[in-house]
$ cat my_file-v4.cif   # mmCIF, C-alpha atoms and all ligand atoms
data_work
loop_
_atom_site.label_atom_id
_atom_site.label_comp_id
_atom_site.auth_asym_id
_atom_site.auth_seq_id
_atom_site.Cartn_x
_atom_site.Cartn_y
_atom_site.Cartn_z
CA MET A 1 75.92 42.73 100.03
CA ASN A 2 75.65 42.20 96.32
CA PRO A 3 77.37 45.05 94.51
CA ARG A 4 76.93 43.25 91.18
CA GLY A 5 73.17 43.51 91.41
CA ALA A 6 73.45 47.18 92.37
CA LYS A 7 75.79 47.97 89.45
CA LEU A 8 73.66 46.14 86.92
CA TRP A 9 70.64 48.03 88.25
CA ALA A 10 72.44 51.35 87.76
CA ILE A 11 73.52 50.39 84.22
CA GLN A 12 69.97 49.41 83.38
CA ARG A 13 68.56 52.74 84.61
CA ILE A 14 71.19 54.83 82.83
CA THR A 15 70.71 52.96 79.55
CA ALA A 16 66.94 53.33 79.98
CA ALA A 17 67.32 57.09 80.34
CA PHE A 18 69.40 57.27 77.16
CA LEU A 19 67.12 54.89 75.24
CA GLY A 20 64.06 56.91 76.19
CA LEU A 21 65.48 59.91 74.37
CA ALA A 22 67.18 57.94 71.62
CA VAL A 23 64.04 56.08 70.59
CA MET A 24 62.26 59.44 70.21
CA VAL A 25 65.07 60.83 68.08
CA HIS A 26 65.15 57.61 66.04
CA LEU A 27 61.42 57.63 65.32
CA LEU A 28 61.22 61.37 64.67
CA THR A 29 64.09 61.33 62.15
CA ILE A 30 62.46 58.38 60.38
CA MET A 31 59.15 60.21 60.12
CA LEU A 32 60.78 63.41 58.94
CA ALA A 33 63.07 61.65 56.45
CA VAL A 34 60.43 59.39 54.94
CA ARG A 35 57.89 62.10 54.12
CA GLY A 36 57.26 61.90 50.41
CA GLY A 37 58.84 58.44 50.05
CA LEU A 38 62.42 57.30 50.14
CA SER A 39 64.46 54.67 48.27
CA ALA A 40 67.32 52.59 49.63
CA ALA A 41 69.78 54.47 47.45
CA GLU A 42 68.54 57.80 48.77
CA ILE A 43 68.91 56.60 52.36
CA LEU A 44 72.47 55.41 51.78
CA GLY A 45 73.29 58.67 50.01
CA ARG A 46 72.31 60.56 53.10
CA THR A 47 73.82 58.31 55.75
CA ARG A 48 77.28 57.71 54.30
CA GLY A 49 79.90 59.50 56.33
CA ALA A 50 77.49 61.01 58.85
CA GLU A 51 79.85 60.35 61.76
CA LEU A 52 77.72 61.91 64.45
CA TRP A 53 74.76 59.72 63.53
CA PHE A 54 77.03 56.70 63.37
CA GLY A 55 78.18 57.46 66.92
CA PHE A 56 74.57 57.90 68.02
CA TYR A 57 73.59 54.48 66.72
CA VAL A 58 76.66 52.75 68.15
CA LEU A 59 75.66 54.09 71.56
CA PHE A 60 72.04 53.15 70.86
CA ALA A 61 73.04 49.56 70.07
CA LEU A 62 75.24 49.31 73.16
CA CYS A 63 72.50 50.60 75.44
CA ALA A 64 69.81 48.43 73.88
CA GLY A 65 71.99 45.30 74.14
CA LEU A 66 72.90 45.87 77.78
CA HIS A 67 69.44 47.05 78.82
CA GLY A 68 67.71 44.03 77.31
CA ALA A 69 70.19 41.48 78.63
CA ILE A 70 70.00 42.81 82.19
CA GLY A 71 66.21 42.67 82.01
CA LEU A 72 66.34 39.04 80.82
CA ARG A 73 68.83 38.29 83.60
CA ASN A 74 66.36 39.57 86.18
CA ILE A 75 63.48 37.58 84.72
CA ALA A 76 65.60 34.42 84.65
CA GLY A 77 66.59 35.00 88.28
CA GLU A 78 63.09 35.69 89.51
CA TRP A 79 60.99 33.26 87.49
CA LEU A 80 63.38 30.39 86.87
CA GLY A 81 65.69 30.79 89.85
CA LEU A 82 68.70 30.97 87.51
CA ARG A 83 71.17 33.19 89.35
CA GLY A 84 74.86 33.49 89.97
CA ARG A 85 78.12 35.06 88.96
CA GLY A 86 78.66 32.76 85.95
CA LEU A 87 75.17 33.43 84.61
CA ASP A 88 75.64 37.18 85.06
CA ALA A 89 78.79 36.99 82.92
CA LEU A 90 76.86 35.01 80.32
CA TRP A 91 74.06 37.61 80.20
CA LEU A 92 76.60 40.40 79.89
CA GLY A 93 78.17 38.48 76.98
CA ILE A 94 74.76 38.06 75.33
CA GLY A 95 74.13 41.78 75.76
CA LEU A 96 77.43 42.72 74.17
CA VAL A 97 76.96 40.30 71.25
CA THR A 98 73.48 41.74 70.64
CA ALA A 99 74.99 45.22 70.76
CA GLY A 100 77.66 44.04 68.30
CA PHE A 101 74.97 43.08 65.76
CA GLY A 102 73.44 46.53 66.05
CA MET A 103 76.81 48.21 65.64
CA ARG A 104 77.60 46.12 62.60
CA ALA A 105 74.32 47.22 61.03
CA ALA A 106 75.15 50.85 61.79
CA TRP A 107 78.59 50.41 60.27
CA GLY A 108 77.01 48.98 57.10
CA LEU A 109 74.66 51.95 56.84
CA TYR A 110 77.12 54.73 57.56
CA HIS A 111 80.37 53.39 56.15
CA GLY A 112 80.16 49.95 54.44
CA MET B 113 20.92 35.99 112.01
CA ALA B 114 22.18 33.22 109.75
CA ASP B 115 25.43 31.43 110.47
CA LEU B 116 28.71 32.42 108.83
CA LYS B 117 30.45 29.85 106.66
CA ILE B 118 34.14 29.73 107.49
CA ARG B 119 36.89 27.62 105.91
CA ILE B 120 40.17 27.38 107.77
CA TRP B 121 43.43 25.80 106.64
CA ARG B 122 44.54 23.18 109.12
CA GLY B 123 47.84 21.37 109.04
CA ASP B 124 51.54 21.79 109.64
CA GLU B 125 54.79 22.01 107.66
CA THR B 126 54.12 18.60 106.09
CA GLY B 127 50.84 19.75 104.52
CA GLY B 128 47.20 20.25 105.35
CA ALA B 129 43.68 20.85 104.08
CA MET B 130 40.75 23.22 104.46
CA ALA B 131 38.25 22.50 107.23
CA ASP B 132 34.67 23.84 107.26
CA PHE B 133 33.12 25.58 110.23
CA SER B 134 29.99 27.53 110.88
CA VAL B 135 29.87 30.38 113.36
CA PRO B 136 26.95 32.46 114.63
CA ALA B 137 26.91 35.76 112.78
CA ARG B 138 26.90 38.95 114.83
CA GLU B 139 26.32 42.54 114.03
CA ASN B 140 29.93 43.44 114.80
CA GLN B 141 32.50 40.74 114.32
CA THR B 142 36.13 40.65 113.28
CA ILE B 143 37.95 37.79 111.60
CA LEU B 144 39.89 37.31 114.82
CA ASP B 145 36.59 37.03 116.74
CA VAL B 146 35.51 34.29 114.35
CA VAL B 147 38.76 32.34 114.73
CA THR B 148 38.57 32.71 118.51
CA GLN B 149 34.98 31.49 118.56
CA ILE B 150 36.00 28.40 116.60
CA GLN B 151 38.94 27.68 118.90
CA ARG B 152 36.92 28.19 122.10
CA GLU B 153 33.76 26.35 121.04
CA GLN B 154 34.58 23.95 118.23
CA ALA B 155 38.26 23.14 117.69
CA PRO B 156 40.29 23.65 120.89
CA ASP B 157 43.48 22.48 119.16
CA LEU B 158 43.31 25.21 116.48
CA ALA B 159 46.62 27.12 116.50
CA TYR B 160 46.66 30.86 115.79
CA ARG B 161 48.30 33.93 117.24
CA PHE B 162 47.14 37.26 118.65
CA ALA B 163 47.89 39.52 121.57
CA CYS B 164 46.54 43.08 121.67
CA ARG B 165 43.32 42.77 119.62
CA VAL B 166 43.52 46.50 118.86
CA GLY B 167 45.99 46.73 115.97
CA MET B 168 49.15 47.44 117.90
CA CYS B 169 51.15 44.24 118.34
CA GLY B 170 51.19 42.93 114.78
CA SER B 171 50.78 39.27 115.70
CA CYS B 172 47.38 38.40 114.22
CA ALA B 173 47.99 38.64 110.47
CA MET B 174 46.51 35.89 108.26
CA GLU B 175 45.40 35.43 104.67
CA VAL B 176 41.70 36.22 104.46
CA ASN B 177 40.07 35.34 101.14
CA GLY B 178 43.48 35.36 99.48
CA ARG B 179 44.70 38.62 100.94
CA ALA B 180 46.97 39.26 103.91
CA ARG B 181 45.24 41.29 106.64
CA TRP B 182 45.43 42.14 110.32
CA THR B 183 42.54 40.03 111.51
CA CYS B 184 41.79 41.89 114.77
CA ARG B 185 40.85 45.00 112.80
CA THR B 186 39.22 43.35 109.82
CA HIS B 187 35.47 43.12 110.10
CA VAL B 188 33.78 40.13 108.49
CA LYS B 189 31.48 42.53 106.66
CA ARG B 190 34.44 44.07 104.90
CA VAL B 191 35.61 40.83 103.32
CA ALA B 192 32.44 38.85 102.64
CA GLY B 193 28.89 39.66 101.62
CA PRO B 194 25.88 37.83 103.15
CA GLY B 195 26.13 34.08 102.54
CA GLU B 196 29.68 34.27 101.21
CA VAL B 197 32.31 31.86 102.55
CA VAL B 198 35.30 33.33 104.40
CA GLU B 199 38.54 31.47 103.75
CA ILE B 200 41.32 31.88 106.30
CA ARG B 201 44.87 30.64 105.75
CA PRO B 202 48.24 31.21 107.40
CA LEU B 203 50.27 34.18 106.21
CA ALA B 204 51.99 33.53 102.86
CA ASN B 205 55.76 33.51 102.25
CA LEU B 206 56.52 32.15 105.72
CA PRO B 207 56.94 28.60 107.03
CA VAL B 208 53.84 27.25 108.78
CA ILE B 209 54.20 25.99 112.33
CA ARG B 210 50.64 24.73 112.66
CA ASP B 211 47.25 25.82 111.33
CA LEU B 212 47.18 29.64 111.23
CA ALA B 213 50.45 30.19 113.12
CA THR B 214 53.48 30.90 110.95
CA ASP B 215 57.13 31.04 111.92
CA MET B 216 58.04 34.74 111.80
CA ALA B 217 61.75 34.09 112.35
CA PRO B 218 62.81 34.52 108.68
CA PHE B 219 60.91 37.82 108.59
CA PHE B 220 62.69 39.26 111.64
CA ASP B 221 66.06 37.70 110.73
CA LYS B 222 65.91 39.87 107.63
CA TRP B 223 65.37 42.99 109.74
CA ALA B 224 68.64 42.11 111.46
CA LYS B 225 70.32 41.49 108.07
CA ALA B 226 69.15 44.90 106.87
CA GLN B 227 70.81 46.39 109.98
CA GLY B 228 67.47 47.41 111.36
CA SER B 229 68.75 48.32 114.81
CA PHE B 230 69.74 51.81 115.90
CA GLN B 231 73.51 52.39 116.27
CA PRO B 232 74.16 55.60 118.20
CA LYS B 233 76.77 57.67 116.41
CA ASP B 234 78.54 59.09 119.44
CA ALA B 235 78.38 55.94 121.51
CA PRO B 236 79.30 52.91 119.44
CA ASP B 237 79.51 50.73 122.54
CA GLY B 238 75.80 51.28 123.16
CA SER B 239 76.24 53.70 126.06
CA VAL B 240 74.12 56.83 126.31
CA PRO B 241 75.66 59.73 124.34
CA ALA B 242 76.87 62.69 126.40
CA GLU B 243 74.71 65.20 124.49
CA PHE B 244 71.18 64.95 123.19
CA SER B 245 70.85 65.37 119.42
CA VAL B 246 68.60 68.14 118.28
CA VAL B 247 66.37 66.88 115.46
CA PRO B 248 63.96 69.56 114.22
CA PRO B 249 60.53 67.95 113.73
CA ASN B 250 60.06 69.58 110.33
CA SER B 251 63.49 68.72 108.91
CA LYS B 252 63.29 66.65 105.72
CA GLN B 253 65.05 63.64 107.19
CA ARG B 254 62.95 63.65 110.32
CA MET B 255 59.79 63.66 108.23
CA GLU B 256 61.09 60.77 106.09
CA ALA B 257 61.85 58.76 109.23
CA ASP B 258 58.48 59.63 110.79
CA ALA B 259 56.63 58.39 107.71
CA GLY B 260 57.84 54.84 108.23
CA ILE B 261 58.33 54.55 111.96
CA GLU B 262 54.90 53.23 112.97
CA CYS B 263 55.48 49.72 111.61
CA ILE B 264 54.02 47.04 113.90
CA GLY B 265 55.95 44.18 112.30
CA CYS B 266 52.83 42.32 111.24
CA GLY B 267 54.33 40.83 108.07
CA VAL B 268 51.33 41.70 105.88
CA CYS B 269 53.59 43.48 103.39
CA TYR B 270 56.06 40.58 103.40
CA ALA B 271 53.28 38.10 102.66
CA SER B 272 52.02 40.31 99.81
CA CYS B 273 55.31 40.75 97.95
CA ASP B 274 55.98 38.66 94.83
CA ILE B 275 59.72 39.20 95.06
CA VAL B 276 59.78 37.60 98.51
CA ALA B 277 58.02 34.60 96.97
CA TRP B 278 60.48 34.43 94.07
CA ASN B 279 63.76 35.11 95.87
CA PRO B 280 64.16 33.60 99.33
CA ASP B 281 67.06 35.96 100.05
CA TYR B 282 65.06 39.14 99.36
CA LEU B 283 64.95 41.24 102.52
CA GLY B 284 61.39 42.37 101.89
CA PRO B 285 59.45 45.61 102.36
CA ALA B 286 59.28 45.86 106.17
CA ALA B 287 63.01 45.32 106.78
CA MET B 288 63.93 47.91 104.16
CA ASN B 289 61.29 50.34 105.37
CA ARG B 290 62.96 50.06 108.78
CA ALA B 291 66.42 50.56 107.24
CA TRP B 292 65.18 53.72 105.48
CA THR B 293 63.95 55.22 108.77
CA LEU B 294 67.45 54.69 110.20
CA VAL B 295 69.19 56.03 107.09
CA ASN B 296 67.23 59.21 107.81
CA ASP B 297 68.07 59.20 111.50
CA VAL B 298 70.82 61.78 111.88
CA ARG B 299 71.85 60.24 115.23
CA ASP B 300 72.70 56.88 113.66
CA GLY B 301 76.29 55.99 112.80
CA ALA B 302 75.95 52.67 110.96
CA ASN B 303 74.69 53.86 107.61
CA PRO B 304 77.66 52.84 105.43
CA GLN B 305 77.20 49.20 106.50
CA ARG B 306 73.41 49.49 106.41
CA LEU B 307 73.40 50.81 102.84
CA ASP B 308 75.69 47.97 101.80
CA ALA B 309 73.35 45.50 103.45
CA VAL B 310 70.27 46.72 101.56
CA SER B 311 71.88 46.99 98.13
CA GLY B 312 71.90 44.41 95.35
CA ASP B 313 69.71 41.45 94.42
CA ALA B 314 68.66 40.60 97.97
CA GLY B 315 67.98 44.25 98.69
CA CYS B 316 66.31 47.31 97.25
CA HIS B 317 67.54 46.76 93.69
CA SER B 318 65.20 43.79 93.24
CA CYS B 319 62.07 45.72 94.20
CA HIS B 320 59.72 46.26 91.24
CA SER B 321 57.90 49.15 92.91
CA THR B 322 54.62 47.31 92.36
CA GLN B 323 53.38 48.69 95.69
CA SER B 324 51.47 45.66 96.95
CA CYS B 325 53.21 46.32 100.27
CA THR B 326 52.01 49.91 100.35
CA GLU B 327 48.51 48.97 99.22
CA ARG B 328 48.12 46.33 101.94
CA CYS B 329 49.99 47.78 104.92
CA PRO B 330 47.32 48.11 107.60
CA LYS B 331 49.18 51.06 109.13
CA ASN B 332 49.08 52.89 105.79
CA LEU B 333 52.86 53.00 105.60
CA ASP B 334 54.61 53.20 102.25
CA PRO B 335 57.50 50.68 102.17
CA SER B 336 57.58 50.94 98.38
CA SER B 337 58.59 54.60 98.57
CA ALA B 338 61.06 53.86 101.35
CA ILE B 339 62.76 51.31 99.08
CA ALA B 340 62.74 53.82 96.21
CA GLY B 341 64.46 56.23 98.63
CA LEU B 342 67.17 53.65 99.31
CA LYS B 343 67.70 53.14 95.57
CA ARG B 344 67.97 56.88 94.99
CA LYS B 345 70.38 57.37 97.85
CA LEU B 346 72.60 54.46 96.79
CA PHE B 347 72.59 55.62 93.16
CA TRP B 348 73.60 59.22 93.79
CA ASP B 349 75.99 58.40 96.61
CA SER B 350 77.84 55.93 94.35
CA LEU B 351 77.80 58.24 91.34
CA LEU B 352 79.09 61.23 93.30
CA GLY B 353 81.68 59.14 95.14
CA ARG B 354 80.05 59.69 98.51
CA ARG B 355 80.48 56.02 99.46
S1 LIG C 401 56.94 47.51 95.97
FE1 LIG C 401 58.77 46.22 96.16
S2 LIG C 401 58.75 45.48 98.28
FE2 LIG C 401 56.70 46.31 97.86
S3 LIG C 401 55.49 44.51 97.22
FE3 LIG C 401 56.33 45.44 95.36
S4 LIG C 401 58.27 44.38 94.96
FE4 LIG C 401 57.66 43.93 97.10
S1 LIG C 402 55.25 47.95 106.92
FE1 LIG C 402 53.06 47.78 107.37
S2 LIG C 402 52.49 45.76 106.57
FE2 LIG C 402 54.69 45.78 106.73
S3 LIG C 402 55.14 44.86 108.73
FE3 LIG C 402 55.07 47.09 109.00
S4 LIG C 402 52.97 47.55 109.58
FE4 LIG C 402 52.95 45.47 108.76
S1 LIG C 403 46.12 41.23 117.76
FE1 LIG C 403 47.61 42.82 117.91
S2 LIG C 403 47.52 43.70 115.90
FE2 LIG C 403 45.93 42.24 115.83
#
$ encode --input "my_file-v4.cif" --output "structure tokens" --more "lines below"
Ligand code: SF4
Ligand code: SF4
Ligand code: FES
Amino acid sequence: MNPRGAKLWAIQRITAAFLGLAVMVHLLTIMLAVRGGLSAAEILGRTRGAELWFGFYVLFALCAGLHGAIGLRNIAGEWLGLRGRGLDALWLGIGLVTAGFGMRAAWGLYHG
Amino acid sequence: MADLKIRIWRGDETGGAMADFSVPARENQTILDVVTQIQREQAPDLAYRFACRVGMCGSCAMEVNGRARWTCRTHVKRVAGPGEVVEIRPLANLPVIRDLATDMAPFFDKWAKAQGSFQPKDAPDGSVPAEFSVVPPNSKQRMEADAGIECIGCGVCYASCDIVAWNPDYLGPAAMNRAWTLVNDVRDGANPQRLDAVSGDAGCHSCHSTQSCTERCPKNLDPSSAIAGLKRKLFWDSLLGRR
């Protein structure tokens, strides 16, 4: 049995389900907000303090980081034969660091 | 009628090469007929395997023009036009014993690993249960089990799966198709262990649902959907705390 593989699979599917919706929301809000042109100052004026949106993008970043890293883990396992507990931990780390970058960007936009 | 041009891989586990043959063409002729003709008339030491010749035993599978097929039910006309060469190799993803005969042991060992044998619920020691189970033919689980039960163990799906080629531990489509029929067998009592055995990187979670197995299964079974069924069952059972 390999429960790790099964858990990572479940995480990847759940994040995919969230990302499917989130990407739509993300693109739709961009299209709606940009109509008629938008400056950086205007964007920041709108985003500052919008806590719900901040939460949305933190979750977005977390899901994107994990989803991508698990996908790369599978490719590395299948195509390069790079598998194992240590490597799984490394991929998880890479996923979380990637997510951290996204969260930092969201923090900058909504609070910083 | 003109002769058929046939190329057959000859060799053993240390390596080999293609050998050219020419066989009288007939109106009705299967790939297995061609191989048999060559062994009887031209190359008596050619190793290959068959038994029933009618698509029941699952022993005659080979790669024909790059595609795994049951050779006793594959007509030459289906795989090659007039004048075209037919290339026959041993089944992929399995160790070669000699020529067209592969060692099927890894394939069947994985059936055992996937807990592919029936474990009667009421009689764990293998004795006959006191009561017969009533399984309505149109119950959902019975229909799921029926859909996958006619597997002849030919290994065509196993030879057609990229994941088997990439991950030597991967149980493969046939073993998991078998496991899914048992998961749906209400008389079976070994499903907790069986579901553990088919989960993770060596099991259903590595399947890409590319459906080469389903596309090529000569019995028109659908191992890809069986594996998807295992994934679904494991996912919801874990999420709802049923295992
Ligand atoms: S669907 Fe899954 S088991 Fe079937 S060939 Fe594709 S990867 Fe292999
Ligand atoms: S599932 Fe189909 S292709 Fe695979 S071993 Fe069984 S009969 Fe052969
Ligand atoms: S010889 Fe039995 S299936 Fe082909």
$ closest_residue --input "my_file-v4.cif" --among "A:Arg35, A:His67, A:His26, A:Arg83" --to "chain B" --atoms "all atoms listed in the file"
A:Arg83
$ residues_near_ligand --input "my_file-v4.cif" --ligand "ligand LIG 403 (chain C)" --cutoff "9 Å" --atoms "only C-alpha atoms and all ligand atoms" --output "ChimeraX atom specification"
/B:144,161-173,182-185,264,266
$ residues_around --input "my_file-v4.cif" --residues "Ala137 of chain B" --least-positions-apart "2" --cutoff "7 Å" --atoms "only C-alpha atoms" --output "PyMOL selection string"
chain B and resi 113-116+135+139
$ closest_atom_pairs --input "my_file-v4.cif" --of "chain B" --to "chain A" --cutoff "7 Å" --atoms "only C-alpha atoms" --output "CSV"
residue,atom,partner,partner_atom,distance
B:Trp278,CA,A:Glu78,CA,5.4
B:Asn279,CA,A:Glu78,CA,6.4
B:Asp308,CA,A:Met1,CA,5.5
B:Ala309,CA,A:Met1,CA,5.1
B:Ser311,CA,A:Ala6,CA,6.0
B:Gly312,CA,A:Gly5,CA,4.2
B:Asp313,CA,A:Gly5,CA,5.0
B:His317,CA,A:Ala6,CA,6.1
B:Phe347,CA,A:Ala10,CA,6.9
$ residues_near_ligand --input "my_file-v4.cif" --ligand "ligand LIG 402 (chain C)" --cutoff "6 Å" --atoms "only C-alpha atoms and all ligand atoms" --output "PyMOL selection string"
chain B and resi 263-269+286+329-331+333+335
$ write_last_selection --input "my_file-v4.cif" --atoms "C-alpha atoms" --output "tab-separated table (two decimals), in the coordinates of the input"
chain	number	residue	atom	x	y	z
B	263	CYS	CA	55.48	49.72	111.61
B	264	ILE	CA	54.02	47.04	113.90
B	265	GLY	CA	55.95	44.18	112.30
B	266	CYS	CA	52.83	42.32	111.24
B	267	GLY	CA	54.33	40.83	108.07
B	268	VAL	CA	51.33	41.70	105.88
B	269	CYS	CA	53.59	43.48	103.39
B	286	ALA	CA	59.28	45.86	106.17
B	329	CYS	CA	49.99	47.78	104.92
B	330	PRO	CA	47.32	48.11	107.60
B	331	LYS	CA	49.18	51.06	109.13
B	333	LEU	CA	52.86	53.00	105.60
B	335	PRO	CA	57.50	50.68	102.17
$ atom_distance --input "my_file-v4.cif" --atom1 "atom CA of Val240 of chain B" --atom2 "atom CA of Phe219 of chain B"
29.2 Å
$ residues_near_ligand --input "my_file-v4.cif" --ligand "ligand LIG 401 (chain C)" --cutoff "8 Å" --atoms "all atoms listed in the file" --output "list in words"
Cys269, Tyr270, Ser272, Cys273, Asp274, Ile275, Val276, Gly284, Pro285, Ala286, Cys316, Ser318, Cys319, His320, Ser321, Thr322, Gln323, Ser324, Cys325, Thr326, Pro335, Ser336, Ser337 and Ile339 of chain B
$ closest_residue --input "my_file-v4.cif" --among "A:Leu66, A:Val58, A:Val34, A:Gly84" --to "Ala105 of chain A" --atoms "all atoms listed in the file"
A:Val58
$ residues_around --input "my_file-v4.cif" --residues "Gly49 of chain A" --least-positions-apart "2" --cutoff "8 Å" --atoms "all atoms listed in the file" --output "NGL selection string"
:A and (47 or 51 or 110-111)
$ atom_distance --input "my_file-v4.cif" --atom1 "atom CA of Lys117 of chain B" --atom2 "atom CA of Ile209 of chain B"
24.7 Å
$ residues_around --input "my_file-v4.cif" --residues "Asp124 of chain B" --least-positions-apart "3" --cutoff "8 Å" --atoms "all atoms listed in the file" --output "ChimeraX atom specification"
/B:127-128,208-211
$ axis_aligned_box --input "my_file-v4.cif" --around "segment 102-106 of chain A" --padding-each-side "8 Å" --output "JSON"
{"center_x": 75.5, "center_y": 48.5, "center_z": 63.5, "size_x": 20.2, "size_y": 20.7, "size_z": 21.0}
$ closest_residue --input "my_file-v4.cif" --among "B:Asn296, B:Gln149, B:Gln227, B:Ser245" --to "Ile261 of chain B" --atoms "all atoms listed in the file"
B:Asn296
$ residues_around --input "my_file-v4.cif" --residues "Ala64 of chain A" --least-positions-apart "6" --cutoff "9 Å" --atoms "only C-alpha atoms" --output "VMD selection string"
chain A and resid 15 to 16 19 95 98 to 99 102
